[in-house]
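Novice: Pasting final.cif below, which is mmCIF, C-alpha atoms.
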```cif
data_my_file
#
loop_
_atom_site.label_atom_id
_atom_site.label_comp_id
_atom_site.auth_asym_id
_atom_site.auth_seq_id
_atom_site.Cartn_x
_atom_site.Cartn_y
_atom_site.Cartn_z
CA MET A 319 56.94 183.98 254.03
CA GLU A 320 58.09 180.64 255.45
CA PRO A 321 55.75 178.99 257.96
CA VAL A 322 56.87 179.01 261.59
CA ALA A 323 57.93 175.63 262.95
CA GLU A 324 55.68 174.07 265.57
CA TYR A 325 58.50 173.64 268.09
CA SER A 326 61.71 175.46 268.98
CA THR A 327 64.66 173.09 268.66
CA ILE A 328 67.31 173.60 271.33
CA GLU A 329 70.85 172.33 270.85
CA SER A 330 73.11 171.08 273.61
CA VAL A 331 76.70 171.53 272.44
CA PHE A 332 79.99 170.70 274.16
CA VAL A 333 82.79 173.19 273.55
CA ARG A 334 85.94 171.11 273.50
CA GLU A 335 89.18 172.36 275.07
CA ARG A 336 87.12 175.04 276.84
CA ASN A 337 85.11 172.44 278.81
CA ALA A 338 81.85 174.35 278.61
CA LEU A 339 78.28 173.39 277.76
CA LEU A 340 76.51 175.59 275.23
CA LEU A 341 72.71 175.61 275.02
CA ARG A 342 71.18 177.58 272.15
CA GLY A 343 68.00 177.91 270.17
CA GLN A 344 65.72 180.06 268.04
CA PHE A 345 62.55 180.98 269.91
CA THR A 346 60.17 182.27 267.23
CA PRO A 347 57.95 179.13 267.40
CA ILE A 348 57.56 179.49 271.17
CA TYR A 349 56.86 183.21 270.88
CA THR A 350 54.32 182.67 268.11
CA ASP A 351 52.34 180.26 270.31
CA TYR A 352 52.72 182.67 273.22
CA TYR A 353 51.16 185.53 271.24
CA LEU A 354 48.37 183.30 269.96
CA HIS A 355 47.66 182.42 273.59
CA LEU A 356 47.52 186.10 274.56
CA MET A 357 45.12 186.86 271.68
CA GLN A 358 42.86 183.89 272.50
CA HIS A 359 42.44 184.97 276.10
CA SER A 360 42.50 188.76 275.53
CA ILE A 361 45.64 189.21 277.63
CA ARG A 362 47.65 192.39 277.10
CA HIS A 363 51.02 193.36 278.56
CA CYS A 364 53.01 196.52 278.20
CA GLU A 365 56.11 196.16 276.04
CA GLU A 366 58.50 196.04 279.00
CA LEU A 367 56.68 193.25 280.83
CA ASP A 368 56.06 191.33 277.62
CA GLN A 369 59.77 191.27 276.83
CA MET A 370 60.66 190.24 280.36
CA LEU A 371 58.34 187.25 280.22
CA LYS A 372 59.62 186.21 276.79
CA ASP A 373 63.23 186.42 278.01
CA GLN A 374 62.37 184.41 281.12
CA LEU A 375 60.72 181.72 278.99
CA ALA A 376 63.86 181.47 276.86
CA MET A 377 66.18 181.25 279.85
CA ALA A 378 64.08 178.55 281.51
CA VAL A 379 64.10 176.45 278.33
CA LEU A 380 67.87 176.70 277.93
CA HIS A 381 68.33 175.76 281.58
CA LEU A 382 66.02 172.75 281.19
CA VAL A 383 68.10 171.46 278.27
CA ALA A 384 71.19 171.71 280.46
CA ARG A 385 69.47 169.49 283.03
CA PRO A 386 68.30 165.83 283.01
CA TRP A 387 65.20 165.08 280.90
CA ALA A 388 62.87 164.23 283.79
CA GLU A 389 63.24 167.51 285.65
CA THR A 390 60.50 170.12 285.80
CA VAL A 391 61.28 173.65 286.93
CA ALA A 392 59.13 176.52 288.14
CA TRP A 393 60.61 179.99 288.53
CA THR A 394 58.99 183.05 290.09
CA ALA A 395 60.60 186.49 290.10
CA ASN A 396 58.98 188.72 292.73
CA LEU A 397 59.89 192.31 291.79
CA ARG A 398 59.47 195.60 293.60
CA ALA A 399 59.28 197.95 290.59
CA PRO A 400 57.33 197.14 288.62
CA ARG A 401 55.48 195.26 291.37
CA ILE A 402 54.88 191.95 289.60
CA ASN A 403 55.40 188.22 289.86
CA LEU A 404 56.96 186.80 286.72
CA PHE A 405 56.23 183.06 286.60
CA VAL A 406 57.45 180.36 284.19
CA THR A 407 57.35 176.57 284.37
CA GLY A 408 58.16 173.71 282.03
CA GLY A 409 59.87 170.40 281.44
CA SER A 410 61.65 168.48 278.71
CA THR A 411 59.48 165.38 279.12
CA GLN A 412 56.37 167.45 278.38
CA GLU A 413 58.26 169.38 275.67
CA SER A 414 56.54 172.52 276.89
CA ILE A 415 57.08 175.83 278.60
CA THR A 416 54.45 178.24 279.87
CA GLY A 417 54.20 181.29 282.06
CA ARG A 418 52.35 184.43 282.99
CA ILE A 419 52.64 187.79 284.73
CA PHE A 420 50.83 188.56 287.97
CA THR A 421 50.14 192.27 288.39
CA GLU A 422 47.37 192.26 291.02
CA ASP A 423 47.60 191.47 294.73
CA VAL A 424 51.37 191.03 294.49
CA ARG A 425 53.27 191.21 297.76
CA GLU A 426 55.90 193.97 297.69
CA PRO A 427 59.25 192.52 298.74
CA ASP A 428 62.00 194.53 300.38
CA ARG A 429 64.24 193.49 297.48
CA ASN A 430 63.84 191.63 294.18
CA LEU A 431 63.62 187.90 294.88
CA PHE A 432 63.89 184.84 292.66
CA TYR A 433 62.26 181.55 293.70
CA ALA A 434 63.23 178.33 291.93
CA GLN A 435 61.64 174.91 292.40
CA THR A 436 62.84 171.71 290.74
CA THR A 437 60.91 168.44 290.76
CA ALA A 438 61.90 165.05 289.37
CA PRO A 439 61.00 161.39 289.98
CA SER A 440 64.41 160.91 291.57
CA LEU A 441 63.74 163.60 294.19
CA SER A 442 61.78 162.65 297.30
CA GLU A 443 60.57 166.24 297.57
CA PRO A 444 60.93 169.40 295.47
CA ARG A 445 64.28 171.18 295.57
CA ASN A 446 63.76 174.85 296.39
CA SER A 447 66.03 177.85 296.39
CA THR A 448 65.57 181.58 296.95
CA MET A 449 67.97 184.36 296.08
CA GLU A 450 68.11 188.09 295.58
CA ILE A 451 68.38 189.25 291.97
CA VAL A 452 69.81 192.51 290.67
CA GLY A 453 68.25 194.44 287.80
CA LYS A 454 65.25 193.71 285.60
CA ASP A 455 66.88 191.60 282.87
CA PRO A 456 66.04 187.85 283.01
CA VAL A 457 69.03 187.14 280.77
CA LYS A 458 71.26 188.44 283.58
CA TRP A 459 69.20 186.74 286.28
CA ILE A 460 70.17 183.31 285.01
CA GLU A 461 73.84 184.18 285.35
CA GLN A 462 73.16 185.16 288.97
CA TYR A 463 71.13 181.96 289.47
CA TYR A 464 73.96 179.76 288.20
CA ALA A 465 76.51 181.51 290.38
CA GLN A 466 74.41 181.24 293.55
CA SER A 467 72.21 178.15 293.18
CA GLU A 468 73.93 175.99 290.56
CA GLN A 469 77.31 177.01 292.03
CA ARG A 470 79.02 177.20 288.67
CA PRO A 471 79.54 180.19 286.40
CA ALA A 472 77.42 180.70 283.29
CA ARG A 473 76.98 183.37 280.64
CA ALA A 474 73.75 184.15 278.80
CA PHE A 475 73.23 186.06 275.57
CA ARG A 476 70.34 187.60 273.69
CA LEU A 477 71.24 187.26 270.01
CA ALA A 478 69.62 188.44 266.79
CA ASP A 479 66.35 187.09 265.34
CA GLU A 480 65.02 185.75 268.66
CA ASN A 481 68.03 183.50 269.23
CA PHE A 482 69.35 182.97 272.76
CA ALA A 483 72.36 181.15 274.17
CA LEU A 484 73.47 179.96 277.60
CA ILE A 485 76.97 178.66 278.17
CA ALA A 486 77.77 177.00 281.49
CA ALA A 487 81.06 175.95 283.01
CA GLN A 488 81.91 172.27 283.28
CA PRO A 489 84.75 170.74 285.34
CA ASP A 490 88.13 172.24 284.32
CA CYS A 491 86.43 174.98 282.33
CA ASP A 492 88.61 177.68 280.79
CA MET A 493 87.31 180.42 283.07
CA ASP A 494 89.27 183.23 281.43
CA TRP A 495 87.67 182.36 278.11
CA LEU A 496 84.20 182.05 279.64
CA GLU A 497 84.43 185.43 281.35
CA SER A 498 85.74 187.09 278.18
CA LEU A 499 82.85 185.94 275.99
CA ASP A 500 80.94 188.67 274.18
CA LEU A 501 78.33 188.80 271.41
CA ASP A 502 80.88 188.71 268.60
CA MET A 503 82.59 185.66 270.09
CA MET A 504 79.24 183.91 270.45
CA LYS A 505 78.35 184.60 266.82
CA SER A 506 81.57 183.00 265.59
CA ILE A 507 81.86 180.18 268.12
CA ASP A 508 81.18 177.49 265.49
CA GLU A 509 84.14 178.68 263.43
CA LYS A 510 86.54 179.57 266.24
CA GLU A 511 85.99 176.67 268.64
CA GLN A 512 85.88 172.87 268.46
CA ILE A 513 82.30 171.92 269.23
CA LYS A 514 80.30 168.70 269.39
CA LEU A 515 76.52 168.44 269.26
CA LEU A 516 75.41 166.27 272.17
CA GLU A 517 71.62 166.29 271.74
CA THR A 518 68.62 168.34 270.71
CA ARG A 519 65.33 168.84 272.51
CA LYS A 520 62.20 170.58 271.36
CA PHE A 521 59.82 172.90 273.19
CA ARG A 522 56.62 174.80 272.52
CA PHE A 523 54.54 177.25 274.52
CA ASN A 524 51.77 175.11 275.97
CA CYS A 525 50.18 174.90 279.41
CA GLY A 526 47.82 171.98 278.89
CA CYS A 527 45.17 173.51 281.13
CA THR A 528 41.49 172.80 280.50
CA LEU A 529 38.28 173.69 282.29
CA GLU A 530 37.99 170.03 283.35
CA ARG A 531 41.38 170.24 285.06
CA ILE A 532 40.63 173.53 286.79
CA LEU A 533 37.16 172.67 288.15
CA PRO A 534 38.38 170.19 290.82
CA ALA A 535 40.36 173.01 292.41
CA LEU A 536 37.06 174.75 293.13
CA GLY A 537 35.62 171.82 295.04
CA GLY A 538 36.00 173.63 298.36
CA TRP A 539 33.25 176.05 297.30
CA LYS A 540 30.75 173.37 296.32
CA ASP A 541 28.85 173.68 299.60
CA ARG A 542 29.12 177.47 299.73
CA PRO A 543 28.77 178.71 296.15
CA GLY A 544 27.65 182.15 297.33
CA ASP A 545 31.16 182.82 298.66
CA LEU A 546 32.54 182.19 295.16
CA PHE A 547 29.84 183.56 292.87
CA GLY A 548 28.21 186.24 295.01
CA GLU A 549 25.08 187.30 293.11
CA ALA A 550 26.47 186.23 289.71
CA ASP A 551 25.47 183.12 287.79
CA GLN A 552 28.93 182.69 286.32
CA ILE A 553 32.47 183.90 286.96
CA SER A 554 35.78 183.91 285.08
CA ILE A 555 38.55 181.74 286.51
CA GLN A 556 42.19 182.15 285.48
CA CYS A 557 44.70 179.34 285.13
CA PRO A 558 47.46 180.05 287.68
CA ARG A 559 50.14 178.82 285.25
CA CYS A 560 49.32 180.66 282.01
CA GLY A 561 46.53 183.13 282.78
CA ALA A 562 43.98 181.49 280.46
CA SER A 563 40.39 182.46 281.33
CA TYR A 564 37.53 179.99 281.74
CA MET A 565 33.87 180.73 282.46
CA VAL A 566 32.48 178.72 285.37
CA THR A 567 28.76 178.51 286.13
CA ARG A 568 27.00 177.39 289.30
CA ASP A 569 25.80 174.27 287.50
CA MET A 570 29.40 173.29 286.68
CA LEU A 571 30.37 173.57 290.35
CA GLU A 572 27.52 171.23 291.32
#
```
For this file, produce the structure as structure tokens.
Specialist:
Amino acid sequence: MEPVAEYSTIESVFVRERNALLLRGQFTPIYTDYYLHLMQHSIRHCEELDQMLKDQLAMAVLHLVARPWAETVAWTANLRAPRINLFVTGGSTQESITGRIFTEDVREPDRNLFYAQTTAPSLSEPRNSTMEIVGKDPVKWIEQYYAQSEQRPARAFRLADENFALIAAQPDCDMDWLESLDLDMMKSIDEKEQIKLLETRKFRFNCGCTLERILPALGGWKDRPGDLFGEADQISIQCPRCGASYMVTRDMLE
């Protein structure tokens, strides 16, 4: 059995004559790190939620490769049924993507909502957007996101062997061709279309959280530890980005 690569390599490809940008990659390295993370922190998801988070991670990575290097995105899908928040965040500069599922104390919306935030050094403040999403498939959500927030059509595909592809319209795109794309056409796009590799980027599943980074966020309880610990000498704190658990003692807070 061949070893799994440390990073997933994502290609940015221009489809000539069709004027479309194709982003594609094989996500086994990211998923391997994701499952190691779940095992390390004793996190378990049902199959449905697990697949939704994996798909959302893949879509966020492909979107990031379509965007400038310095951008960081954070997406939250607030769903009614199942009542969860599906959160992912990452950036090309950090070469990382991470995420988690919130299942407790989740506000029930009147409809499924998708919140997107983009930050970059060139932006004076984060760029935020909110939209309603239809269905429970993150691969379809990104098509809805491009139509409503990016204001250009895009198609997304879940391929075999943990491969995913996103193809987005560019100026003067052949819209009939884009709308007609199906799985068979995507599988043969290298043979049927004129393509040019523009760049590659690499990503891995990694949050970068540590106990040292999380402790400052608890500073507000330093003068009232009883409100945080109750009668306990230590408590478990979760990273809000990836769900990793850290034990915090009263001594650490002091």
Novice: Excluding same-chain residues fewer than 2 positions from Asp490 in chain A, what lies within 8 Å of it counting only C-alpha atoms, as a list in words?
Specialist: Asn337, Gln488 and Asp492 of chain A
Novice: Could you list, as a list in words, every residue matched by the PyMOL selection byres ((chain A and resi 407) around 8) in this structure?
Specialist: Ala378, Thr390, Val391, Ala392, Trp393, Phe405, Val406, Gly408, Gly409, Ile415, Thr416, Gly417 and Arg559 of chain A
Novice: What do you get, as a list in words, if you spell out every residue that the PyMOL selection byres ((chain A and resi 388) around 6) selects here?
Specialist: Pro386, Trp387, Glu389, Thr411 and Ala438 of chain A
Novice: Find the residues with any atom within 12 Å of (79.1, 175.7, 265.2); use only C-alpha atoms and the coordinates as given in the file, and write the answer as an MDAnalysis selection string.
Specialist: chainID A and resid 329:334 340:342 503:515
Novice: Could you tell me how far CA of Ile532 in chain A sits from CA of Thr350 in chain A, in Å to one decimal place?
Specialist: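 Going from CA of Thr350 in chain A over to CA of Ile532 in chain A covers 24.9 Å.
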Novice: For a test of reading the model, state the distance in Å between CA of Ala395 in chain A and CA of Gln369 in chain A, rounded to one decimal.
Specialist: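 If I compute the distance from CA of Ala395 in chain A to CA of Gln369 in chain A, I get 14.1 Å.
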Novice: Any idea what the distance is between CA of His359 in chain A and CA of Phe523 in chain A?
Specialist: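 Calculated distance between CA of His359 in chain A and CA of Phe523 in chain A is 14.4 Å.
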Novice: Return the single residue from A:Gly453, A:Pro347, A:Pro489, A:Gly548 that is closest to Phe521 in chain A, with distances computed using only C-alpha atoms.
Specialist: A:Pro347
Novice: Using the chain letters and numbers from the file, which residues does the PyMOL selection byres ((chain A and resi 431) around 7) grab, as JSON, numbers by chain?
Specialist: {"A": [395, 396, 397, 429, 430, 432, 433, 448, 449, 450, 451]}
Novice: As a PDB file, in the coordinates of the input, please: range 435-448 of chain A completed to N, CA and C atoms.
Specialist:
```pdb
ATOM      1  N   GLN A 435      62.027 176.232 291.908  1.00  0.00           N
ATOM      2  CA  GLN A 435      61.640 174.910 292.400  1.00  0.00           C
ATOM      3  C   GLN A 435      61.901 173.881 291.300  1.00  0.00           C
ATOM      4  N   THR A 436      62.547 172.799 291.668  1.00  0.00           N
ATOM      5  CA  THR A 436      62.840 171.710 290.740  1.00  0.00           C
ATOM      6  C   THR A 436      62.223 170.426 291.264  1.00  0.00           C
ATOM      7  N   THR A 437      61.481 169.741 290.407  1.00  0.00           N
ATOM      8  CA  THR A 437      60.910 168.440 290.760  1.00  0.00           C
ATOM      9  C   THR A 437      61.382 167.402 289.762  1.00  0.00           C
ATOM     10  N   ALA A 438      61.489 166.170 290.228  1.00  0.00           N
ATOM     11  CA  ALA A 438      61.900 165.050 289.370  1.00  0.00           C
ATOM     12  C   ALA A 438      61.548 163.759 290.085  1.00  0.00           C
ATOM     13  N   PRO A 439      61.313 162.677 289.336  1.00  0.00           N
ATOM     14  CA  PRO A 439      61.000 161.390 289.980  1.00  0.00           C
ATOM     15  C   PRO A 439      62.080 160.932 290.950  1.00  0.00           C
ATOM     16  N   SER A 440      63.313 161.346 290.706  1.00  0.00           N
ATOM     17  CA  SER A 440      64.410 160.910 291.570  1.00  0.00           C
ATOM     18  C   SER A 440      64.481 161.686 292.876  1.00  0.00           C
ATOM     19  N   LEU A 441      63.726 162.788 292.979  1.00  0.00           N
ATOM     20  CA  LEU A 441      63.740 163.600 294.190  1.00  0.00           C
ATOM     21  C   LEU A 441      62.574 163.226 295.087  1.00  0.00           C
ATOM     22  N   SER A 442      62.848 163.004 296.363  1.00  0.00           N
ATOM     23  CA  SER A 442      61.780 162.650 297.300  1.00  0.00           C
ATOM     24  C   SER A 442      60.856 163.823 297.567  1.00  0.00           C
ATOM     25  N   GLU A 443      61.371 165.040 297.419  1.00  0.00           N
ATOM     26  CA  GLU A 443      60.570 166.240 297.570  1.00  0.00           C
ATOM     27  C   GLU A 443      61.174 167.331 296.684  1.00  0.00           C
ATOM     28  N   PRO A 444      60.402 168.350 296.341  1.00  0.00           N
ATOM     29  CA  PRO A 444      60.930 169.400 295.470  1.00  0.00           C
ATOM     30  C   PRO A 444      62.184 170.051 296.058  1.00  0.00           C
ATOM     31  N   ARG A 445      63.084 170.444 295.162  1.00  0.00           N
ATOM     32  CA  ARG A 445      64.280 171.180 295.570  1.00  0.00           C
ATOM     33  C   ARG A 445      64.014 172.668 295.365  1.00  0.00           C
ATOM     34  N   ASN A 446      64.097 173.438 296.435  1.00  0.00           N
ATOM     35  CA  ASN A 446      63.760 174.850 296.390  1.00  0.00           C
ATOM     36  C   ASN A 446      64.963 175.717 296.700  1.00  0.00           C
ATOM     37  N   SER A 447      65.001 176.871 296.064  1.00  0.00           N
ATOM     38  CA  SER A 447      66.030 177.850 296.390  1.00  0.00           C
ATOM     39  C   SER A 447      65.461 179.246 296.213  1.00  0.00           C
ATOM     40  N   THR A 448      65.993 180.173 297.002  1.00  0.00           N
ATOM     41  CA  THR A 448      65.570 181.580 296.950  1.00  0.00           C
ATOM     42  C   THR A 448      66.817 182.441 296.946  1.00  0.00           C
TER      43      THR A 448
END
```
